[in-house]
file final27.cif (mmCIF, C-alpha atoms)
data_start
loop_
_atom_site.label_atom_id
_atom_site.label_comp_id
_atom_site.auth_asym_id
_atom_site.auth_seq_id
_atom_site.Cartn_x
_atom_site.Cartn_y
_atom_site.Cartn_z
CA MET A 1 64.60 47.89 72.89
CA LYS A 2 61.50 46.62 71.19
CA GLU A 3 60.04 50.07 70.31
CA LEU A 4 63.30 50.97 68.57
CA HIS A 5 63.48 47.68 66.66
CA ASN A 6 59.94 48.24 65.42
CA ARG A 7 60.69 51.80 64.43
CA ILE A 8 63.84 50.82 62.54
CA LEU A 9 61.89 48.15 60.64
CA LYS A 10 59.07 50.60 59.89
CA ASP A 11 60.97 53.80 59.08
CA GLY A 12 64.63 52.87 58.62
CA HIS A 13 66.08 52.48 55.13
CA ALA A 14 68.87 50.03 54.45
CA LEU A 15 70.60 51.58 51.44
CA SER A 16 73.43 49.06 51.15
CA GLU A 17 75.26 46.42 53.20
CA THR A 18 76.66 49.13 55.46
CA VAL A 19 74.34 52.17 55.31
CA LEU A 20 71.18 52.43 57.42
CA LYS A 21 69.30 55.74 57.14
CA VAL A 22 67.22 56.66 60.19
CA ASP A 23 66.76 60.30 59.22
CA SER A 24 63.03 60.25 59.93
CA PHE A 25 63.29 59.72 63.69
CA LEU A 26 66.92 60.06 64.86
CA ASN A 27 69.42 61.90 62.65
CA HIS A 28 67.48 64.72 61.02
CA GLN A 29 63.85 64.55 62.09
CA VAL A 30 63.74 63.47 65.73
CA ASP A 31 60.92 61.72 67.62
CA PRO A 32 61.21 63.23 71.12
CA ASN A 33 59.04 60.59 72.79
CA LEU A 34 61.22 57.81 71.39
CA MET A 35 64.29 59.74 72.63
CA TYR A 36 62.72 59.85 76.10
CA GLU A 37 62.12 56.09 76.03
CA MET A 38 65.76 55.54 75.01
CA GLY A 39 66.72 57.59 78.05
CA THR A 40 64.65 55.29 80.24
CA TYR A 41 66.43 52.23 78.85
CA PHE A 42 69.88 53.77 79.35
CA LYS A 43 68.97 54.85 82.87
CA ASN A 44 67.71 51.41 83.81
CA TYR A 45 70.81 49.70 82.44
CA PHE A 46 73.38 52.07 83.94
CA LYS A 47 71.65 53.06 87.18
CA GLU A 48 74.05 51.04 89.39
CA HIS A 49 77.19 52.24 87.57
CA GLU A 50 77.68 55.33 89.76
CA ILE A 51 77.70 57.63 86.74
CA THR A 52 78.49 61.28 87.53
CA LYS A 53 78.16 62.82 84.05
CA ILE A 54 76.95 61.98 80.57
CA PHE A 55 79.05 62.80 77.53
CA THR A 56 77.87 62.80 73.94
CA ILE A 57 79.28 63.83 70.59
CA GLU A 58 77.60 66.55 68.56
CA SER A 59 75.13 66.44 67.13
CA SER A 60 72.89 63.35 66.69
CA GLY A 61 73.75 61.99 70.12
CA ILE A 62 72.45 65.09 71.91
CA ALA A 63 68.73 64.24 71.90
CA PRO A 64 68.99 60.75 73.43
CA ALA A 65 71.79 61.90 75.77
CA VAL A 66 69.87 64.86 77.19
CA MET A 67 66.82 62.65 77.78
CA THR A 68 69.03 60.15 79.62
CA ALA A 69 70.72 62.91 81.62
CA MET A 70 67.36 64.29 82.70
CA GLN A 71 66.11 60.92 83.92
CA MET A 72 69.39 60.21 85.72
CA ASN A 73 69.45 63.79 87.09
CA LEU A 74 73.00 64.34 85.81
CA PRO A 75 74.70 67.04 83.74
CA MET A 76 75.42 66.30 80.08
CA VAL A 77 78.44 67.51 78.15
CA THR A 78 78.46 67.77 74.36
CA LEU A 79 81.91 67.03 72.97
CA LYS A 80 82.50 69.47 70.12
CA LYS A 81 83.82 68.62 66.69
CA GLN A 82 86.34 71.30 65.78
CA SER A 83 87.98 71.48 62.39
CA SER A 84 91.34 72.52 63.84
CA LYS A 85 93.43 72.35 67.01
CA ILE A 86 92.76 74.94 69.71
CA LEU A 87 96.16 76.14 70.87
CA ASN A 88 95.54 76.95 74.50
CA GLY A 89 95.66 74.87 77.63
CA ASP A 90 91.96 75.07 78.43
CA VAL A 91 90.80 72.01 76.47
CA TYR A 92 91.47 68.35 75.93
CA GLN A 93 91.51 67.43 72.23
CA THR A 94 91.95 64.26 70.24
CA THR A 95 91.83 63.59 66.50
CA VAL A 96 88.99 61.32 65.35
CA HIS A 97 88.62 59.88 61.88
CA SER A 98 85.10 59.71 60.50
CA PHE A 99 84.78 56.86 58.01
CA THR A 100 81.25 58.04 57.10
CA LYS A 101 82.46 61.50 56.11
CA ALA A 102 86.00 60.43 55.13
CA MET A 103 87.54 63.23 57.19
CA ASP A 104 89.23 63.96 60.51
CA TYR A 105 88.00 66.27 63.24
CA GLU A 106 89.27 67.40 66.62
CA LEU A 107 86.99 66.16 69.40
CA THR A 108 87.12 68.85 72.07
CA LEU A 109 86.30 69.02 75.79
CA SER A 110 86.78 71.99 78.08
CA LYS A 111 88.88 71.03 81.10
CA LYS A 112 86.33 72.81 83.30
CA TYR A 113 83.72 70.11 82.81
CA ILE A 114 85.58 67.00 83.97
CA THR A 115 87.55 66.03 87.06
CA ALA A 116 89.58 62.93 87.92
CA GLU A 117 86.68 61.81 90.17
CA ASP A 118 84.17 61.64 87.32
CA ARG A 119 82.63 58.38 86.09
CA ILE A 120 81.43 59.09 82.57
CA LEU A 121 78.68 57.46 80.54
CA ILE A 122 79.31 58.09 76.83
CA ILE A 123 76.16 58.08 74.68
CA ASP A 124 76.17 58.17 70.88
CA ASP A 125 73.71 57.49 68.08
CA PHE A 126 75.68 54.94 66.05
CA LEU A 127 78.48 52.46 66.69
CA ALA A 128 80.28 51.23 63.59
CA ASN A 129 84.09 51.29 63.77
CA GLY A 130 84.12 52.80 67.25
CA GLU A 131 86.30 55.78 66.31
CA ALA A 132 84.06 58.43 67.88
CA ALA A 133 83.48 56.52 71.14
CA LEU A 134 87.20 55.73 71.40
CA GLY A 135 87.98 59.41 70.92
CA ALA A 136 85.54 60.37 73.67
CA ALA A 137 87.09 57.72 75.95
CA ARG A 138 90.59 59.11 75.27
CA LEU A 139 89.44 62.56 76.43
CA VAL A 140 87.90 61.09 79.60
CA GLU A 141 91.08 59.19 80.43
CA GLU A 142 93.34 62.12 79.59
CA ALA A 143 91.49 63.93 82.40
CA GLY A 144 92.19 61.01 84.75
CA ALA A 145 88.48 60.16 84.90
CA GLN A 146 86.83 56.81 84.21
CA VAL A 147 84.63 55.56 81.38
CA ALA A 148 81.86 53.87 83.35
CA GLY A 149 79.96 52.72 80.26
CA ILE A 150 79.12 53.35 76.63
CA GLY A 151 75.48 53.57 75.54
CA ILE A 152 74.70 53.28 71.84
CA VAL A 153 71.38 53.76 70.08
CA ILE A 154 72.13 51.65 66.99
CA GLU A 155 75.06 49.27 66.79
CA LYS A 156 76.19 47.84 63.46
CA SER A 157 77.26 44.55 64.94
CA PHE A 158 78.82 43.43 61.64
CA GLN A 159 81.41 46.19 62.01
CA PRO A 160 84.30 46.07 64.52
CA GLY A 161 83.24 48.88 66.92
CA ARG A 162 81.94 46.73 69.79
CA LYS A 163 84.97 44.45 69.76
CA VAL A 164 87.35 47.39 69.64
CA LEU A 165 85.66 48.99 72.68
CA GLU A 166 85.33 45.75 74.64
CA ASP A 167 88.99 44.92 74.01
CA LYS A 168 89.81 48.20 75.75
CA GLY A 169 87.73 47.08 78.73
CA TYR A 170 84.66 49.25 78.15
CA GLU A 171 81.14 48.01 78.77
CA VAL A 172 78.92 48.61 75.74
CA TYR A 173 75.12 48.61 75.87
CA SER A 174 73.25 49.10 72.59
CA LEU A 175 69.51 49.61 72.24
CA ALA A 176 69.47 47.98 68.80
CA ARG A 177 72.08 45.63 67.34
CA ILE A 178 72.03 45.17 63.59
CA ALA A 179 73.37 41.81 62.44
CA LYS A 180 72.98 42.33 58.72
CA LEU A 181 72.02 45.05 56.25
CA GLY A 182 71.29 44.85 52.56
CA GLU A 183 69.13 46.72 50.11
CA GLY A 184 65.75 46.59 51.82
CA LEU A 185 67.05 44.09 54.41
CA ILE A 186 67.49 44.74 58.14
CA GLU A 187 68.28 41.87 60.54
CA PHE A 188 68.85 42.25 64.26
CA VAL A 189 71.22 40.25 66.46
CA GLU A 190 69.18 37.58 68.28
CA MET B 1 62.07 83.11 82.66
CA LYS B 2 63.20 83.70 86.20
CA GLU B 3 65.16 80.43 86.62
CA LEU B 4 67.14 81.26 83.47
CA HIS B 5 67.86 84.85 84.55
CA ASN B 6 69.16 83.55 87.87
CA ARG B 7 71.29 80.93 86.16
CA ILE B 8 72.79 83.45 83.75
CA LEU B 9 73.66 85.76 86.66
CA LYS B 10 75.14 82.88 88.64
CA ASP B 11 77.00 80.91 85.94
CA GLY B 12 77.18 83.12 82.84
CA HIS B 13 80.35 85.04 82.02
CA ALA B 14 80.22 88.37 80.24
CA LEU B 15 83.57 88.49 78.50
CA SER B 16 83.04 91.78 76.64
CA GLU B 17 80.25 94.11 75.51
CA THR B 18 79.04 91.45 73.05
CA VAL B 19 80.18 88.04 74.33
CA LEU B 20 78.25 86.07 76.96
CA LYS B 21 79.58 82.59 77.74
CA VAL B 22 77.00 80.11 79.05
CA ASP B 23 79.13 77.04 78.45
CA SER B 24 78.41 75.61 81.89
CA PHE B 25 74.68 74.98 81.35
CA LEU B 26 73.73 75.53 77.68
CA ASN B 27 76.46 75.42 75.03
CA HIS B 28 78.93 72.77 76.18
CA GLN B 29 77.81 71.38 79.52
CA VAL B 30 74.02 71.17 79.51
CA ASP B 31 71.63 71.18 82.47
CA PRO B 32 68.83 68.85 81.32
CA ASN B 33 66.35 69.96 83.98
CA LEU B 34 66.77 73.59 82.95
CA MET B 35 66.26 72.52 79.31
CA TYR B 36 63.03 70.81 80.33
CA GLU B 37 61.82 73.98 82.08
CA MET B 38 62.65 76.00 78.96
CA GLY B 39 60.47 73.57 77.03
CA THR B 40 57.62 74.22 79.43
CA TYR B 41 57.92 77.99 78.86
CA PHE B 42 58.01 77.61 75.08
CA LYS B 43 55.04 75.24 75.18
CA ASN B 44 52.98 77.60 77.32
CA TYR B 45 53.75 80.57 75.10
CA PHE B 46 53.15 78.86 71.75
CA LYS B 47 50.40 76.39 72.68
CA GLU B 48 47.68 78.30 70.78
CA HIS B 49 49.84 78.85 67.68
CA GLU B 50 48.80 75.58 65.98
CA ILE B 51 52.43 74.48 65.61
CA THR B 52 52.91 71.25 63.63
CA LYS B 53 56.70 70.85 63.89
CA ILE B 54 59.69 72.28 65.71
CA PHE B 55 62.86 73.19 63.84
CA THR B 56 66.22 73.91 65.39
CA ILE B 57 69.73 74.53 64.15
CA GLU B 58 72.54 72.19 65.14
CA SER B 59 73.84 71.92 67.69
CA SER B 60 73.19 74.04 70.81
CA GLY B 61 69.49 74.46 69.99
CA ILE B 62 68.85 70.71 70.04
CA ALA B 63 68.53 70.22 73.81
CA PRO B 64 65.92 72.94 74.46
CA ALA B 65 64.13 72.12 71.18
CA VAL B 66 63.77 68.40 71.89
CA MET B 67 62.42 69.16 75.39
CA THR B 68 59.88 71.55 73.86
CA ALA B 69 58.94 69.04 71.17
CA MET B 70 58.35 66.34 73.76
CA GLN B 71 56.07 68.54 75.85
CA MET B 72 54.16 69.71 72.75
CA ASN B 73 54.07 66.13 71.42
CA LEU B 74 55.50 67.22 68.06
CA PRO B 75 58.37 66.05 65.86
CA MET B 76 61.58 68.08 65.85
CA VAL B 77 63.85 68.62 62.87
CA THR B 78 67.50 69.56 63.24
CA LEU B 79 68.60 71.82 60.39
CA LYS B 80 72.10 70.74 59.43
CA LYS B 81 75.07 73.00 58.88
CA GLN B 82 76.84 71.75 55.77
CA SER B 83 80.11 73.20 54.59
CA SER B 84 79.16 72.95 50.91
CA LYS B 85 76.12 72.80 48.61
CA ILE B 86 74.45 69.43 48.11
CA LEU B 87 73.80 69.12 44.39
CA ASN B 88 70.63 67.08 44.27
CA GLY B 89 66.98 68.02 44.42
CA ASP B 90 66.26 66.32 47.75
CA VAL B 91 67.07 69.27 50.02
CA TYR B 92 66.37 72.92 50.61
CA GLN B 93 69.52 74.92 51.29
CA THR B 94 70.36 78.50 52.11
CA THR B 95 73.64 80.21 52.91
CA VAL B 96 73.95 81.65 56.42
CA HIS B 97 76.73 83.88 57.64
CA SER B 98 77.92 83.29 61.20
CA PHE B 99 79.30 86.51 62.69
CA THR B 100 80.51 84.56 65.74
CA LYS B 101 82.63 82.20 63.66
CA ALA B 102 83.22 84.63 60.76
CA MET B 103 82.24 81.99 58.20
CA ASP B 104 79.38 80.89 55.97
CA TYR B 105 77.57 77.57 56.08
CA GLU B 106 74.78 75.92 54.10
CA LEU B 107 71.73 75.41 56.32
CA THR B 108 70.12 72.22 55.03
CA LEU B 109 66.66 70.65 55.28
CA SER B 110 65.49 67.45 53.62
CA LYS B 111 62.35 68.07 51.56
CA LYS B 112 60.85 64.94 53.15
CA TYR B 113 60.39 66.63 56.52
CA ILE B 114 58.27 69.65 55.60
CA THR B 115 55.05 70.22 53.66
CA ALA B 116 53.22 73.38 52.61
CA GLU B 117 50.70 72.72 55.40
CA ASP B 118 53.30 72.90 58.18
CA ARG B 119 53.35 75.67 60.79
CA ILE B 120 56.88 75.72 62.14
CA LEU B 121 58.22 76.88 65.49
CA ILE B 122 61.94 77.70 65.15
CA ILE B 123 63.93 77.31 68.39
CA ASP B 124 67.53 78.44 68.81
CA ASP B 125 69.91 79.09 71.69
CA PHE B 126 71.02 82.66 70.88
CA LEU B 127 69.60 85.60 68.93
CA ALA B 128 72.13 88.28 68.00
CA ASN B 129 72.04 89.42 64.37
CA GLY B 130 69.25 87.03 63.43
CA GLU B 131 71.16 85.37 60.59
CA ALA B 132 70.53 81.78 61.68
CA ALA B 133 66.82 82.27 62.41
CA LEU B 134 66.35 84.14 59.12
CA GLY B 135 68.04 81.29 57.29
CA ALA B 136 65.75 78.75 58.96
CA ALA B 137 62.74 80.91 58.04
CA ARG B 138 63.88 81.05 54.40
CA LEU B 139 63.93 77.24 54.26
CA VAL B 140 60.44 77.04 55.79
CA GLU B 141 59.05 79.53 53.28
CA GLU B 142 60.84 77.96 50.34
CA ALA B 143 58.78 74.86 51.15
CA GLY B 144 55.59 76.95 51.13
CA ALA B 145 55.13 76.42 54.88
CA GLN B 146 54.63 79.07 57.56
CA VAL B 147 56.86 80.30 60.35
CA ALA B 148 54.41 80.27 63.28
CA GLY B 149 56.90 81.64 65.78
CA ILE B 150 60.53 81.91 66.83
CA GLY B 151 61.59 80.84 70.32
CA ILE B 152 64.98 81.98 71.60
CA VAL B 153 66.76 80.99 74.79
CA ILE B 154 68.98 84.09 75.14
CA GLU B 155 68.40 87.26 73.14
CA LYS B 156 71.06 89.94 72.95
CA SER B 157 68.58 92.77 72.76
CA PHE B 158 71.32 95.33 72.04
CA GLN B 159 71.94 93.62 68.70
CA PRO B 160 69.57 93.90 65.71
CA GLY B 161 68.23 90.31 65.53
CA ARG B 162 64.81 90.87 67.10
CA LYS B 163 64.10 93.93 64.95
CA VAL B 164 65.22 92.15 61.78
CA LEU B 165 62.88 89.22 62.52
CA GLU B 166 59.94 91.38 63.61
CA ASP B 167 60.28 93.53 60.49
CA LYS B 168 59.75 90.34 58.48
CA GLY B 169 56.55 89.72 60.43
CA TYR B 170 57.80 86.93 62.71
CA GLU B 171 56.76 86.67 66.34
CA VAL B 172 59.78 86.33 68.61
CA TYR B 173 59.62 85.02 72.17
CA SER B 174 62.85 84.98 74.17
CA LEU B 175 63.32 83.38 77.58
CA ALA B 176 66.00 85.90 78.57
CA ARG B 177 66.62 89.31 77.01
CA ILE B 178 70.01 90.88 77.67
CA ALA B 179 69.99 94.70 77.59
CA LYS B 180 73.65 95.26 78.25
CA LEU B 181 76.88 93.30 78.61
CA GLY B 182 80.30 94.38 79.81
CA GLU B 183 83.21 92.75 81.59
CA GLY B 184 81.50 91.21 84.59
CA LEU B 185 78.23 93.06 83.82
CA ILE B 186 74.94 91.45 82.75
CA GLU B 187 71.74 93.52 82.61
CA PHE B 188 68.35 92.21 81.50
CA VAL B 189 65.63 94.10 79.62
CA GLU B 190 63.00 95.25 82.17
#

call {"tool": "encode", "arguments": {"input": "final27.cif", "output": "structure tokens"}}
result
Amino acid sequence: MKELHNRILKDGHALSETVLKVDSFLNHQVDPNLMYEMGTYFKNYFKEHEITKIFTIESSGIAPAVMTAMQMNLPMVTLKKQSSKILNGDVYQTTVHSFTKAMDYELTLSKKYITAEDRILIIDDFLANGEAALGAARLVEEAGAQVAGIGIVIEKSFQPGRKVLEDKGYEVYSLARIAKLGEGLIEFVE
Amino acid sequence: MKELHNRILKDGHALSETVLKVDSFLNHQVDPNLMYEMGTYFKNYFKEHEITKIFTIESSGIAPAVMTAMQMNLPMVTLKKQSSKILNGDVYQTTVHSFTKAMDYELTLSKKYITAEDRILIIDDFLANGEAALGAARLVEEAGAQVAGIGIVIEKSFQPGRKVLEDKGYEVYSLARIAKLGEGLIEFVE
């Protein structure tokens, strides 16, 4: 997505070989028009995938996911990050490890908002190790539903996330794929 | 907002005299078209308020806020809920008590995304005691900027939030105002 590449080059900050800050348009301040354009890209890519619902993970995935959901005319579900297990039968939960925050959380989905007939598009802001997307996929499959695709805003292609997801059979579409980061250096996959 | 009233009556669940669950279209599953319509209402109400930026609080405020920001052609900033103080000079922070979750959190704003010239519209999903909106307003004023308005999706008008905010001089506009809740009972303010 050319507009996103340009924006990352203009406003992104590579702080190290692994950390890319995009706080000025995606993770803290949000450019709503850019989010809408991301939604258009996701819609165009996944429009033949018979998606029934869009899932995202709170909270930086919500803005691009809701813009995609609107353009695809589908409901969106925000998977919640809980700090502890909910001990009733109303939810699906799975433990996800966040390498960024060096902590675990319980990704949570109410059973009311998925059925075995659903074909889910998972949208998230970053793909690095794939832990969050894998967690979301586990919840979908626990419900007997299908992961019809995974849409990522920024993929760190030098980290294992894409391979991990593809090895499980998931189709991954990323709007920007970063080949290399370094202090002041950002290179995209050709 | 008539569409929202109808949706609350159809899909909301009053669980007690204080708890209204709207998980099926706002807080967990999200109806993106309804979020867009909310944005239209907020835009129409605040269009003469010379707003420069929209602030919201993660995470259920993000969807209506980003739809409002898009229609007003303004940036949005998501105020982050941190569990602990960040000990550097790059952020504004204030402690907010959540009555719903019976816990405190540190509402956090990077100093990069506000200036003293900003006129901020704060958008949030619920107004009950007003703690979250007051916290957001404290951050805005700590930066020397102005709170130009507060937009709420669902106001529990039987709780003190609106009065608390109005006593501070803030203008509050709510898309739905609930006068009374009870098991199976939802009444709006006339």

call {"tool": "closest_residue", "arguments": {"input": "final27.cif", "among": "B:Ile122, B:Met103, B:Leu34, B:Ala148", "to": "chain A", "atoms": "only C-alpha atoms"}}
result
B:Leu34

call {"tool": "closest_atom_pairs", "arguments": {"input": "final27.cif", "of": "chain B", "to": "chain A", "cutoff": "7 Å", "atoms": "only C-alpha atoms", "output": "CSV"}}
result
residue,atom,partner,partner_atom,distance
B:His28,CA,A:Thr78,CA,5.3
B:Gln29,CA,A:Val77,CA,4.2
B:Val30,CA,A:Met76,CA,5.1
B:Asp31,CA,A:Pro75,CA,5.3
B:Pro32,CA,A:Met70,CA,5.0
B:Asn33,CA,A:Met70,CA,5.9
B:Glu58,CA,A:Ser59,CA,6.6
B:Ser59,CA,A:Ser59,CA,5.7
B:Ile62,CA,A:Ala63,CA,6.7
B:Ala63,CA,A:Ala63,CA,6.3
B:Val66,CA,A:Pro32,CA,5.8
B:Ala69,CA,A:Pro32,CA,6.2
B:Met70,CA,A:Pro32,CA,5.0
B:Pro75,CA,A:Asp31,CA,5.3
B:Met76,CA,A:Val30,CA,5.1
B:Val77,CA,A:Gln29,CA,4.1
B:Thr78,CA,A:His28,CA,5.3
B:Tyr113,CA,A:Gln29,CA,6.9

call {"tool": "write_last_selection", "arguments": {"input": "final27.cif", "atoms": "C-alpha atoms", "output": "PDB file, in the coordinates of the input"}}
result
ATOM      1  CA  HIS B  28      78.930  72.770  76.180  1.00  0.00           C
ATOM      2  CA  GLN B  29      77.810  71.380  79.520  1.00  0.00           C
ATOM      3  CA  VAL B  30      74.020  71.170  79.510  1.00  0.00           C
ATOM      4  CA  ASP B  31      71.630  71.180  82.470  1.00  0.00           C
ATOM      5  CA  PRO B  32      68.830  68.850  81.320  1.00  0.00           C
ATOM      6  CA  ASN B  33      66.350  69.960  83.980  1.00  0.00           C
ATOM      7  CA  GLU B  58      72.540  72.190  65.140  1.00  0.00           C
ATOM      8  CA  SER B  59      73.840  71.920  67.690  1.00  0.00           C
ATOM      9  CA  ILE B  62      68.850  70.710  70.040  1.00  0.00           C
ATOM     10  CA  ALA B  63      68.530  70.220  73.810  1.00  0.00           C
ATOM     11  CA  VAL B  66      63.770  68.400  71.890  1.00  0.00           C
ATOM     12  CA  ALA B  69      58.940  69.040  71.170  1.00  0.00           C
ATOM     13  CA  MET B  70      58.350  66.340  73.760  1.00  0.00           C
ATOM     14  CA  PRO B  75      58.370  66.050  65.860  1.00  0.00           C
ATOM     15  CA  MET B  76      61.580  68.080  65.850  1.00  0.00           C
ATOM     16  CA  VAL B  77      63.850  68.620  62.870  1.00  0.00           C
ATOM     17  CA  THR B  78      67.500  69.560  63.240  1.00  0.00           C
ATOM     18  CA  TYR B 113      60.390  66.630  56.520  1.00  0.00           C
TER      19      TYR B 113
END

call {"tool": "resolve_selection", "arguments": {"input": "final27.cif", "expression": "the PyMOL selection byres ((chain A and resi 92) around 9)", "output": "PDB file with C-alpha atoms, in the frame of the given file"}}
result
ATOM      1  CA  GLY A  89      95.660  74.870  77.630  1.00  0.00           C
ATOM      2  CA  ASP A  90      91.960  75.070  78.430  1.00  0.00           C
ATOM      3  CA  VAL A  91      90.800  72.010  76.470  1.00  0.00           C
ATOM      4  CA  GLN A  93      91.510  67.430  72.230  1.00  0.00           C
ATOM      5  CA  THR A  94      91.950  64.260  70.240  1.00  0.00           C
ATOM      6  CA  LEU A 107      86.990  66.160  69.400  1.00  0.00           C
ATOM      7  CA  THR A 108      87.120  68.850  72.070  1.00  0.00           C
ATOM      8  CA  LEU A 109      86.300  69.020  75.790  1.00  0.00           C
ATOM      9  CA  SER A 110      86.780  71.990  78.080  1.00  0.00           C
ATOM     10  CA  LYS A 111      88.880  71.030  81.100  1.00  0.00           C
ATOM     11  CA  LEU A 139      89.440  62.560  76.430  1.00  0.00           C
ATOM     12  CA  VAL A 140      87.900  61.090  79.600  1.00  0.00           C
ATOM     13  CA  GLU A 142      93.340  62.120  79.590  1.00  0.00           C
ATOM     14  CA  ALA A 143      91.490  63.930  82.400  1.00  0.00           C
TER      15      ALA A 143
END

call {"tool": "resolve_selection", "arguments": {"input": "final27.cif", "expression": "the PyMOL selection byres ((chain A and resi 13) around 10)", "output": "PDB file with C-alpha atoms, keeping the file's coordinate frame"}}
result
ATOM      1  CA  ILE A   8      63.840  50.820  62.540  1.00  0.00           C
ATOM      2  CA  LEU A   9      61.890  48.150  60.640  1.00  0.00           C
ATOM      3  CA  LYS A  10      59.070  50.600  59.890  1.00  0.00           C
ATOM      4  CA  ASP A  11      60.970  53.800  59.080  1.00  0.00           C
ATOM      5  CA  GLY A  12      64.630  52.870  58.620  1.00  0.00           C
ATOM      6  CA  ALA A  14      68.870  50.030  54.450  1.00  0.00           C
ATOM      7  CA  LEU A  15      70.600  51.580  51.440  1.00  0.00           C
ATOM      8  CA  SER A  16      73.430  49.060  51.150  1.00  0.00           C
ATOM      9  CA  VAL A  19      74.340  52.170  55.310  1.00  0.00           C
ATOM     10  CA  LEU A  20      71.180  52.430  57.420  1.00  0.00           C
ATOM     11  CA  LYS A  21      69.300  55.740  57.140  1.00  0.00           C
ATOM     12  CA  VAL A  22      67.220  56.660  60.190  1.00  0.00           C
ATOM     13  CA  ASP A  23      66.760  60.300  59.220  1.00  0.00           C
ATOM     14  CA  SER A  24      63.030  60.250  59.930  1.00  0.00           C
ATOM     15  CA  LEU A 181      72.020  45.050  56.250  1.00  0.00           C
ATOM     16  CA  GLY A 182      71.290  44.850  52.560  1.00  0.00           C
ATOM     17  CA  GLU A 183      69.130  46.720  50.110  1.00  0.00           C
ATOM     18  CA  GLY A 184      65.750  46.590  51.820  1.00  0.00           C
ATOM     19  CA  LEU A 185      67.050  44.090  54.410  1.00  0.00           C
ATOM     20  CA  ILE A 186      67.490  44.740  58.140  1.00  0.00           C
TER      21      ILE A 186
END

call {"tool": "residues_around", "arguments": {"input": "final27.cif", "residues": "B:Glu3", "least_positions_apart": "4", "cutoff": "10 Å", "atoms": "all atoms listed in the file", "output": "list in words"}}
result
Arg7, Ile8, Leu34, Glu37, Met38, Leu175 and Ala176 of chain B

call {"tool": "decode", "arguments": {"input": "final27.cif", "residues": "stretch 151-166 of chain B", "atoms": "N, CA and C atoms", "output": "short mmCIF file (atom, residue, chain, number, x, y, z; two decimals), in the first residue's frame"}}
result
data_model
loop_
_atom_site.label_atom_id
_atom_site.label_comp_id
_atom_site.auth_asym_id
_atom_site.auth_seq_id
_atom_site.Cartn_x
_atom_site.Cartn_y
_atom_site.Cartn_z
N GLY B 151 -18.34 14.43 23.94
CA GLY B 151 -19.37 13.67 23.23
C GLY B 151 -19.44 12.26 23.79
N ILE B 152 -20.63 11.86 24.19
CA ILE B 152 -20.84 10.57 24.86
C ILE B 152 -21.83 9.75 24.04
N VAL B 153 -21.58 8.46 23.91
CA VAL B 153 -22.53 7.61 23.21
C VAL B 153 -23.74 7.34 24.11
N ILE B 154 -23.51 6.78 25.30
CA ILE B 154 -24.63 6.47 26.20
C ILE B 154 -24.38 7.08 27.57
N GLU B 155 -25.26 7.97 27.96
CA GLU B 155 -25.17 8.63 29.26
C GLU B 155 -26.16 7.98 30.23
N LYS B 156 -25.67 7.60 31.39
CA LYS B 156 -26.56 7.15 32.45
C LYS B 156 -26.93 8.38 33.26
N SER B 157 -28.05 8.97 32.90
CA SER B 157 -28.40 10.28 33.44
C SER B 157 -28.80 10.23 34.91
N PHE B 158 -28.99 9.03 35.44
CA PHE B 158 -29.30 8.88 36.87
C PHE B 158 -28.03 8.81 37.70
N GLN B 159 -26.88 8.89 37.05
CA GLN B 159 -25.61 8.93 37.77
C GLN B 159 -25.02 10.33 37.62
N PRO B 160 -24.03 10.71 38.45
CA PRO B 160 -23.68 12.13 38.55
C PRO B 160 -22.76 12.68 37.45
N GLY B 161 -22.35 11.86 36.48
CA GLY B 161 -21.33 12.28 35.52
C GLY B 161 -21.61 13.59 34.81
N ARG B 162 -22.81 13.74 34.26
CA ARG B 162 -23.11 14.97 33.51
C ARG B 162 -22.98 16.20 34.42
N LYS B 163 -23.54 16.12 35.62
CA LYS B 163 -23.49 17.27 36.52
C LYS B 163 -22.04 17.61 36.88
N VAL B 164 -21.26 16.59 37.18
CA VAL B 164 -19.85 16.79 37.51
C VAL B 164 -19.12 17.52 36.38
N LEU B 165 -19.37 17.11 35.14
CA LEU B 165 -18.69 17.72 33.99
C LEU B 165 -19.22 19.13 33.73
N GLU B 166 -20.53 19.31 33.83
CA GLU B 166 -21.11 20.64 33.58
C GLU B 166 -20.68 21.64 34.66
#
